[in-house]
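Visitor: Can you read through this structure? Questions will come right after.
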Amino acid sequence: MISVRHIHKKFGKLDVLKDFELEFQAGNSYALMGPNGSGKTTLIKIILAMVLPNSGDVLVNGQSIKGNTAYRSQIGYMPQIGRYPDNMRIGQLFSMMQDIRPEIKDYDMDLVKAFGLDTMLDKPMHTLSGGTRQKVSAALAFMFRPAILILDEPTAGLDPIAVEVLKNKIKREREAGKLILITSHILSELEELTNQAIYIFEGEVFFNDSVESLKDITGENKFSTAIARLMEWSLKKNTKKTELAHV
Ligand SMILES: Nc1ncnc2c1ncn2[C@@H]1O[C@H](COP(=O)(O)OP(=O)(O)OP(=O)(O)O)[C@@H](O)[C@H]1O
């Protein structure tokens with residue numbers, strides 16, 4: 001459904017993504033992991049054409065995203081920090097987004113209702129708490145029933161009840177066969193929501209396989225311990241590289 005082909009991205013002298021090759025298939029839910037600054041958001045933004053790579057391409061349903069904006073309508077994106085016009089009210093924001101997508105009439109209002117956003121449609125965006133802005137972003141990501149959901153640290157800043165609501169929604173969408181890509185530093189959450197693990201380290205894809213094989217390869221039954229093992233290995237590989245560089 002999404003093919004990342006030989007993507008290379010530099011910011012100045014920093015090689016953030018080196019020759020990335022990844023495939024994302026419908027019906028799977030992918031945990032995109034890696035240390036701070038390892039390039040997770042950059043990869044997501046390249047898939048959304050919000051950042052241009054230095055080389056390589058992304059195909060969505062077999063079609064290059066270059067010079068193509070139509071594919072974006074298949075993706076629901078929840079950014080790490082949602083930025084909205086300050087004076088716009090929640091209701092106006094929803095209407096504006098609905099006007100941009102006139103082909104869709106059957107909105108998914110599950111999260112709007114579950115988060116109680118329907119009772120605060122008159123509130124201007126600049127008056128909202130961080131968590132409420134996050135709820136608005138979540139509601140928008142799901143509203144147009146996209147086949148692909150890309151969620152960048154979706155539960156950051158949400159209260160525990162809202163976290164459960166969002167996690168249950170993600171699970172329902174996954175069961176309905178959607179492609180889901182989630183970045184998070186909360187491993188328990190990724191364990192609950194995903195079946196595929198991608199670990200990025202120093203600009204490279206260090207691990208890319210099912211959660212089952214992650215557990216097999218590391219010999220660990222618990223997801224968080226398996227990831228901890230992977231992190232140790234990535235650091236060792238790095239130490240070896242550094243040692244070799246000094247020889
Ligand atoms: N617009 C930009 N200009 C320059 N450097 C950037 C830009 N965007 C990202 N970077 C750098 O690219 C690297 C990867 O950043 P990115 O936000 O993709 O990491 P991340 O894995 O999502 O991090 P985190 O876990 O902290 O959210 C970082 O070193 C960051 O400083």
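Please note that chains go A, B, ... in the order of the structure tokens, that every chain numbers its residues from 1, and that ligands are numbered from 1 in the order shown.
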Output as a tab-separated table one row per residue of chain A within 10 Å of ligand 1: the closest atom pair and its distance in Å to one decimal place, counting only C-alpha atoms and all ligand atoms, sorted by chain and residue number ascending.
Guide:
residue	atom	partner	partner_atom_place_in_ligand_line	distance
A:Lys9	CA	ligand 1	12 (O)	8.9
A:Lys10	CA	ligand 1	12 (O)	7.9
A:Phe11	CA	ligand 1	5 (N)	4.9
A:Gly12	CA	ligand 1	4 (C)	7.0
A:Lys13	CA	ligand 1	5 (N)	9.5
A:Leu14	CA	ligand 1	29 (O)	7.3
A:Asp15	CA	ligand 1	12 (O)	8.2
A:Val16	CA	ligand 1	13 (C)	5.6
A:Leu17	CA	ligand 1	14 (C)	8.4
A:Leu32	CA	ligand 1	21 (O)	8.9
A:Met33	CA	ligand 1	21 (O)	7.6
A:Gly34	CA	ligand 1	21 (O)	6.1
A:Pro35	CA	ligand 1	25 (O)	5.7
A:Asn36	CA	ligand 1	25 (O)	3.5
A:Gly37	CA	ligand 1	19 (O)	3.3
A:Ser38	CA	ligand 1	21 (O)	3.8
A:Gly39	CA	ligand 1	18 (O)	3.2
A:Lys40	CA	ligand 1	21 (O)	3.8
A:Thr41	CA	ligand 1	22 (O)	3.7
A:Thr42	CA	ligand 1	18 (O)	3.7
A:Leu43	CA	ligand 1	18 (O)	6.5
A:Ile44	CA	ligand 1	18 (O)	8.0
A:Lys45	CA	ligand 1	18 (O)	8.3
A:Ile46	CA	ligand 1	18 (O)	9.8
A:Val51	CA	ligand 1	1 (N)	8.1
A:Gln80	CA	ligand 1	27 (O)	7.8
A:Asp152	CA	ligand 1	27 (O)	8.2
A:Glu153	CA	ligand 1	27 (O)	8.0
A:Thr183	CA	ligand 1	22 (O)	8.0
A:Ser184	CA	ligand 1	25 (O)	7.7
A:His185	CA	ligand 1	25 (O)	7.3
A:Ile200	CA	ligand 1	21 (O)	8.1
A:Phe201	CA	ligand 1	21 (O)	9.1
A:Glu202	CA	ligand 1	14 (C)	9.7
A:Gly203	CA	ligand 1	14 (C)	8.7
Visitor: As a list in words, please: the residues near region 54-62 of chain A (cut-off 6 Å, only C-alpha atoms, same-chain neighbours under 4 positions excluded).
Guide: Met1, Ile2, Ser3, Val4, Arg5, His6, Ile7, His8 and Lys9 of chain A
Visitor: Using C-alpha atoms, can you write the selected residues to a file as an mmCIF file, in the first residue's frame?
Guide:
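Generated file (part-v8.cif):
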data_model
loop_
_atom_site.group_PDB
_atom_site.id
_atom_site.type_symbol
_atom_site.label_atom_id
_atom_site.label_comp_id
_atom_site.auth_asym_id
_atom_site.auth_seq_id
_atom_site.Cartn_x
_atom_site.Cartn_y
_atom_site.Cartn_z
ATOM 1 C CA MET A 1 0.000 0.000 0.000
ATOM 2 C CA ILE A 2 2.906 2.370 0.801
ATOM 3 C CA SER A 3 6.376 1.670 -0.622
ATOM 4 C CA VAL A 4 9.293 3.771 0.539
ATOM 5 C CA ARG A 5 11.948 3.393 -2.154
ATOM 6 C CA HIS A 6 15.580 4.379 -1.632
ATOM 7 C CA ILE A 7 14.652 7.478 0.343
ATOM 8 C CA HIS A 8 17.612 9.608 1.359
ATOM 9 C CA LYS A 9 17.160 12.745 3.415
#
Visitor: Run DSSP on the backbone and give me the residues of region 87-199 of chain A it puts in strand (DSSP E or B), as an MDAnalysis selection string.
Guide: chainID A and resid 89 124 148:152 179:183 196:199
Visitor: Quick check for you: according to DSSP on this backbone, which residues of region 99-223 of chain A are classed as helix (DSSP H, G or I)? Reply as a ChimeraX atom specification.
Guide: /A:99-100,110-114,117-119,125-127,130-143,160-175,187-193,211-218,223
